[in-house]
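Notes follow once the structure below has been shown.
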Number of protein chains: 2
Amino acid sequence: MSTYLTILGFNSAIPTINSAPTAQFLEMDERCFLIDCGEGTQVQLRKAKARFSKINHIFISHLHGDHCFGLPGLIASFRLLGRETPLHVYGPKGIKEMLETIFRLTETHKGFEVVYHELNNKKSEKIYEDQKLEVFTIPLDHRIYCNGYLFREKPKERHLNMEEIAKYPEIEICDYQNLKNGKDFVLNDGYVLKNTVLTKDPSKSVTYAFCSDTRYSEKILPLINEVDVLYHESTFLHDLKEMADYTGHTTALEAARIARKANVGKLILGHFSNRYHDLNVFLEEAREVFPNTDLPKALQQVEIL
Amino acid sequence: MSTYLTILGFNSAIPTINSAPTAQFLEMDERCFLIDCGEGTQVQLRKAKARFSKINHIFISHLHGDHCFGLPGLIASFRLLGRETPLHVYGPKGIKEMLETIFRLTETHKGFEVVYHELNNKKSEKIYEDQKLEVFTIPLDHRIYCNGYLFREKPKERHLNMEEIAKYPEIEICDYQNLKNGKDFVLNDGYVLKNTVLTKDPSKSVTYAFCSDTRYSEKILPLINEVDVLYHESTFLHDLKEMADYTGHTTALEAARIARKANVGKLILGHFSNRYHDLNVFLEEAREVFPNTDLPKALQQVEIL
């Protein structure tokens with residue numbers, strides 16, 4: 001199964017005519033995740049033709065409005081569209097009080113369960129796991145309690161080498177799962193067939209890390225080490241480093257340093273301050289340190305390999 | 001001073017790619033009012049090039065999300081843009097708890113005062129007045145406590161008839177205000193000059209009534225009698241009258257009946273259910289009863305005469 005990332009919005013603070021606040025739609029192993037949900041995210045999901053109704057897990061980094069003000073409307077729309085499947089919402093402690101207060105006062109009768117997973121741990125923790133993948137928090141350093149999220153596919157099953165297997169009639173279909181799991185096969189005469197002969201290496205497991213909003217922090221390096229794609233905020237250019245520190249943000253140069261030190265596959269920048277009109281300046285600054293840096297492409301589905 | 005109405009959004013329930021939920025920007029005597037504030041209203045204000053920062057009074061009809069979910073983001077943006085002027089928010093009881101809970105949990109430090117005017121009266125009341133105009137509630141019949149709003153210019157001063165005034169040197173500049181206010185002028189010899197000779201009729205005072213969401217209700221007729229423009233919801237066509245009643249809405253035919261009975265100048269329909277793709281069907285149904293009916297023109301500034 002492939003992994004696709006659709007960045008729905010990536011500007012900071014104030015929505016504009018041409019850009020939306022932070023939200024991302026991640027499809028991994030046929031699971032659909034929403035990461036952050038700024039105002040207008042439900043319309044961005046429609047524009048992206050995303051599989052809206054398949055979202056069962058929403059991860060909110062922090063409770064600043066540009067990352068969560070689209071949540072009440074999205075959930076209200078789920079209800080109007082007849083949703084029945086439970087919805088899991090992961091986010092800082094307080095998210096439940098906020099949403100439930102809104103739903104009570106606006107008489108939004110949900111008709112499906114919202115399961116809140118409130119976070120307040122300052123250390124990374126595994127917050128989601130299923131058969132195929134895991135999600136971990138990446139504690140960030142912002143003005144308010146904030147987590148990035150690491151999405152990691154579990155190691156996949158080995159591929160059967162049917163050409164080799166065919167040579168041994170003793171191997172039956174019911175043995176295949178053990179082979180996929182990496183086990184050797186013992187023939188009736190006691191001879192051990194090595195698993196590496198009977199199978200081929202599994203497909204690569206994909207990792208994606210989302211880090212917004214945060215000051216430059218090397219503490220996240222072990223968590224994001226060698227991820228395939230890192231989305232890291234870069235609200236300012238480095239000449240405004242002081243402003244970045246003061247407001248709890250990162251510069252493009254710093255984001256690139258993080259990407260280089262973590263040896264990630266690709267860096268995508270985002271969360272740019274509205275003061276910049278030409279975003280290529282971010283790319284130029286970052287690429288000097290980490291060449292494989294991209295600007296986000298709003299509403300485009302990008303495959304993570 | 002002219003009165004201009006800009007309809008920012010008029011669809012019901014779920015925002016779509018091409019239409020926004022209810023919000024209107026009304027400029028009357030240089031006051032800028034916002035009426036309702038569905039999700040995405042701040043972006044619609046920008047698209048309409050409305051005088052965003054001049055909004056000092058926001059009137060919310062009711063607390064369903066499609067009429068108020070844009071409010072937290074708008075207020076947060078005001079703060080980020082450095083607003084200092086107090087902002088008056090009129091809306092159903094509960095609006096303060098909702099907004100203040102959101103601001104507390106999202107750490108939105110406003111930096112300016114939000115003055116709440118919470119409403120729970122089931123009878124019409126005057127909720128705003130200044131030198132030039134007044135605003136009254138129009139109690140509506142929806143599933144939740146809901147008010148329309150009537151914006152009414154006060155009678156204007158009479159215009160001086162300078163040709164006539166020039167014939168009487170006794171009339172000095174300091175007398176002009178009395179003439180504008182309708183007073184006669186007594187000459188030194190005791191002769192009374194009638195005001196109607198010295199002045200001309202004042203410019204027309206404009207009235208605008210906003211009515212969404214509501215079931216058909218003739219109780220509103222005395223309040224909206226002969227308004228220049230009536231915006232009245234018409235969520236359904238009349239073949240879905242039962243659905244309209246059940247959900248607390250009006251049909252196009254009923255909105256036209258209200259307009260005819262109240263003898264309004266013009267009717268603008270709105271708040272259409274997403275099930276209709278060609279909105280002309282609303283126009284056709286309403287015009288049979290009230291010919292001077294229009295569809296809303298999103299983002300266009302329309303003068304109310």
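Order determines the names: the first chain of the structure tokens is A, the second B, and so forth; residues in each chain are numbered 1 upward, and ligands are numbered 1 upward as they are shown.
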Tell me which protein, DNA and RNA residues are within 12 Å of range 188-196 of chain B, counting only C-alpha atoms, leaving out same-chain ones fewer than 2 positions away, and put them as a list in words.
->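 Contacts, in chain order: Arg158, His159, Leu160, Asn161, Glu164, Ile165, Lys167, Tyr168, Pro169, Glu170, Ile171, Asp175, Tyr176, Gln177, Asn178, Leu179, Lys180, Asn181, Gly182, Lys183, Asp184, Phe185, Val186, Leu198, Thr199, Lys200, Asp201 and Pro202 of chain B.
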Any chance you can output those residues with N, CA and C atoms as an mmCIF file, in the first residue's frame?
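The new file again.cif reads:
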```
data_model
loop_
_atom_site.group_PDB
_atom_site.id
_atom_site.type_symbol
_atom_site.label_atom_id
_atom_site.label_comp_id
_atom_site.auth_asym_id
_atom_site.auth_seq_id
_atom_site.Cartn_x
_atom_site.Cartn_y
_atom_site.Cartn_z
ATOM 1 N N ARG B 158 -34.229 67.611 7.328
ATOM 2 C CA ARG B 158 -34.759 68.194 6.103
ATOM 3 C C ARG B 158 -33.649 68.963 5.379
ATOM 4 N N HIS B 159 -33.764 69.046 4.069
ATOM 5 C CA HIS B 159 -32.761 69.788 3.283
ATOM 6 C C HIS B 159 -33.162 71.268 3.228
ATOM 7 N N LEU B 160 -32.210 72.168 3.387
ATOM 8 C CA LEU B 160 -32.489 73.603 3.305
ATOM 9 C C LEU B 160 -32.822 73.986 1.862
ATOM 10 N N ASN B 161 -33.849 74.801 1.714
ATOM 11 C CA ASN B 161 -34.193 75.329 0.389
ATOM 12 C C ASN B 161 -33.547 76.710 0.284
ATOM 13 N N GLU B 164 -35.241 79.888 -1.266
ATOM 14 C CA GLU B 164 -36.256 80.556 -0.443
ATOM 15 C C GLU B 164 -35.607 81.299 0.727
ATOM 16 N N ILE B 165 -34.678 80.597 1.385
ATOM 17 C CA ILE B 165 -34.027 81.173 2.582
ATOM 18 C C ILE B 165 -33.361 82.504 2.236
ATOM 19 N N LYS B 167 -34.263 84.778 0.460
ATOM 20 C CA LYS B 167 -35.200 85.915 0.374
ATOM 21 C C LYS B 167 -35.380 86.621 1.726
ATOM 22 N N TYR B 168 -34.911 85.940 2.807
ATOM 23 C CA TYR B 168 -35.155 86.477 4.151
ATOM 24 C C TYR B 168 -33.830 86.694 4.874
ATOM 25 N N PRO B 169 -33.263 87.900 4.762
ATOM 26 C CA PRO B 169 -31.955 88.170 5.411
ATOM 27 C C PRO B 169 -31.981 87.940 6.921
ATOM 28 N N GLU B 170 -33.164 87.960 7.514
ATOM 29 C CA GLU B 170 -33.246 87.721 8.967
ATOM 30 C C GLU B 170 -32.802 86.309 9.349
ATOM 31 N N ILE B 171 -32.914 85.360 8.404
ATOM 32 C CA ILE B 171 -32.533 83.972 8.719
ATOM 33 C C ILE B 171 -31.016 83.847 8.655
ATOM 34 N N ASP B 175 -29.562 79.609 12.479
ATOM 35 C CA ASP B 175 -30.959 79.145 12.476
ATOM 36 C C ASP B 175 -31.138 77.866 11.642
ATOM 37 N N TYR B 176 -30.137 77.552 10.866
ATOM 38 C CA TYR B 176 -30.284 76.444 9.909
ATOM 39 C C TYR B 176 -30.649 75.120 10.577
ATOM 40 N N GLN B 177 -30.007 74.826 11.725
ATOM 41 C CA GLN B 177 -30.251 73.526 12.348
ATOM 42 C C GLN B 177 -31.720 73.381 12.736
ATOM 43 N N ASN B 178 -32.305 74.485 13.257
ATOM 44 C CA ASN B 178 -33.731 74.441 13.607
ATOM 45 C C ASN B 178 -34.588 74.166 12.380
ATOM 46 N N LEU B 179 -34.209 74.790 11.264
ATOM 47 C CA LEU B 179 -34.966 74.545 10.025
ATOM 48 C C LEU B 179 -34.846 73.094 9.596
ATOM 49 N N LYS B 180 -33.589 72.554 9.649
ATOM 50 C CA LYS B 180 -33.382 71.149 9.278
ATOM 51 C C LYS B 180 -34.203 70.229 10.172
ATOM 52 N N ASN B 181 -34.391 70.664 11.421
ATOM 53 C CA ASN B 181 -35.164 69.842 12.362
ATOM 54 C C ASN B 181 -36.675 69.987 12.183
ATOM 55 N N GLY B 182 -37.080 70.894 11.242
ATOM 56 C CA GLY B 182 -38.506 70.978 10.924
ATOM 57 C C GLY B 182 -39.233 72.156 11.552
ATOM 58 N N LYS B 183 -38.489 73.044 12.199
ATOM 59 C CA LYS B 183 -39.155 74.173 12.861
ATOM 60 C C LYS B 183 -39.504 75.290 11.873
ATOM 61 N N ASP B 184 -40.641 75.967 12.138
ATOM 62 C CA ASP B 184 -40.990 77.156 11.353
ATOM 63 C C ASP B 184 -40.069 78.301 11.776
ATOM 64 N N PHE B 185 -40.081 79.401 10.990
ATOM 65 C CA PHE B 185 -39.253 80.559 11.345
ATOM 66 C C PHE B 185 -40.168 81.783 11.523
ATOM 67 N N VAL B 186 -40.020 82.460 12.652
ATOM 68 C CA VAL B 186 -40.860 83.627 12.928
ATOM 69 C C VAL B 186 -40.070 84.894 12.611
ATOM 70 N N LEU B 198 -39.321 76.691 3.573
ATOM 71 C CA LEU B 198 -37.874 76.937 3.693
ATOM 72 C C LEU B 198 -37.021 75.683 3.514
ATOM 73 N N THR B 199 -37.668 74.559 3.581
ATOM 74 C CA THR B 199 -36.895 73.306 3.450
ATOM 75 C C THR B 199 -37.579 72.351 2.473
ATOM 76 N N LYS B 200 -36.795 71.341 2.079
ATOM 77 C CA LYS B 200 -37.337 70.271 1.229
ATOM 78 C C LYS B 200 -37.312 68.968 2.027
ATOM 79 N N ASP B 201 -38.096 68.021 1.559
ATOM 80 C CA ASP B 201 -38.182 66.744 2.259
ATOM 81 C C ASP B 201 -36.793 66.133 2.435
ATOM 82 N N PRO B 202 -36.586 65.448 3.559
ATOM 83 C CA PRO B 202 -35.285 64.804 3.790
ATOM 84 C C PRO B 202 -35.090 63.632 2.844
#
```
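DSSP, applied to the backbone of this structure, assigns strand (DSSP E) to the following residues of range 138-244 of chain A: Ile138, Pro139, Asn147, Gly148, Tyr149, Leu150, Phe151, Arg152, Glu153, His159, Leu160, Phe185, Val186, Val192, Leu193, Thr199, Lys200, Thr207, Tyr208, Ala209, Phe210, Cys211, Val229, Leu230, Tyr231, His232 and Glu233 of chain A.
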Could you write out as a PyMOL selection string the residues of chain B within 6 Å of chain A, counting only C-alpha atoms?
-> chain B and resi 14+16-17+40+43+63-64+77+98+102+106
Counting only C-alpha atoms, what is within 10 Å of Ser61 in chain B, bar same-chain residues fewer than 6 positions away, as a PyMOL selection string?
-> chain B and resi 22+35-37+67-68+90-92+119+137-140+145-149+210-213
Next, dump the selected residues to file, keeping only C-alpha atoms, as a tab-separated table (two decimals), in the first residue's frame.
```
chain	number	residue	atom	x	y	z
B	22	THR	CA	-24.35	32.66	6.07
B	35	ILE	CA	-24.49	39.78	10.31
B	36	ASP	CA	-23.80	36.12	11.08
B	37	CYS	CA	-20.38	34.61	10.64
B	67	HIS	CA	-24.00	30.95	11.34
B	68	CYS	CA	-21.22	31.35	13.93
B	90	TYR	CA	-24.87	40.52	19.79
B	91	GLY	CA	-26.22	37.01	19.91
B	92	PRO	CA	-28.13	34.37	21.86
B	119	LEU	CA	-30.13	38.00	23.97
B	137	THR	CA	-34.29	42.04	16.95
B	138	ILE	CA	-36.83	40.12	14.89
B	139	PRO	CA	-37.72	37.02	16.93
B	140	LEU	CA	-37.77	34.01	14.60
B	145	TYR	CA	-33.37	30.47	19.90
B	146	CYS	CA	-32.95	32.72	16.89
B	147	ASN	CA	-33.34	36.38	15.93
B	148	GLY	CA	-33.39	38.23	12.66
B	149	TYR	CA	-32.26	41.84	12.73
B	210	PHE	CA	-32.36	40.01	7.80
B	211	CYS	CA	-34.42	36.90	8.58
B	212	SER	CA	-32.60	33.54	8.79
B	213	ASP	CA	-33.29	30.81	10.00
```
Using only C-alpha atoms, which of the listed residues (A:Ala262, A:Val114, A:Leu150, A:Met162) sits closest to Tyr128 in chain A?
->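 Using only C-alpha atoms, Tyr128 in chain A sits closest to A:Leu150.
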Could you give me, as a ChimeraX atom specification, the residues within 10 Å of range 247-256 of chain A, counting only C-alpha atoms and dropping anything in the same chain fewer than 5 positions from it?
-> /A:140-144,211-217,230-242,261-262,266-272,281-293
Find the distance between CA of Leu34 in chain A and CA of His57 in chain A and write it in Å to one decimal.
->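 Between CA of Leu34 in chain A and CA of His57 in chain A the gap works out to 6.5 Å.
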Expected answer as an NGL selection string: alpha helix (DSSP H) residues in range 116-300 of chain B | :B and (162-165 or 176-180 or 195-198 or 221-224 or 241-247 or 252-261 or 280-287)
Just give me the gap between CA of Val302 in chain B and CA of Glu129 in chain B in Å, one decimal is fine.
-> 23.6 Å
Kindly give the distance, in Å, that separates CA of Glu157 in chain A and CA of Cys174 in chain A, rounded to a single decimal.
->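 If I compute the distance from CA of Glu157 in chain A to CA of Cys174 in chain A, I get 15.4 Å.
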Go through A:Leu299, A:Leu8, A:Ala166, A:Leu133 and flag the residue nearest Tyr208 in chain A, using only C-alpha atoms for the distances.
->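 So, comparing all the options, the nearest one is A:Leu133.
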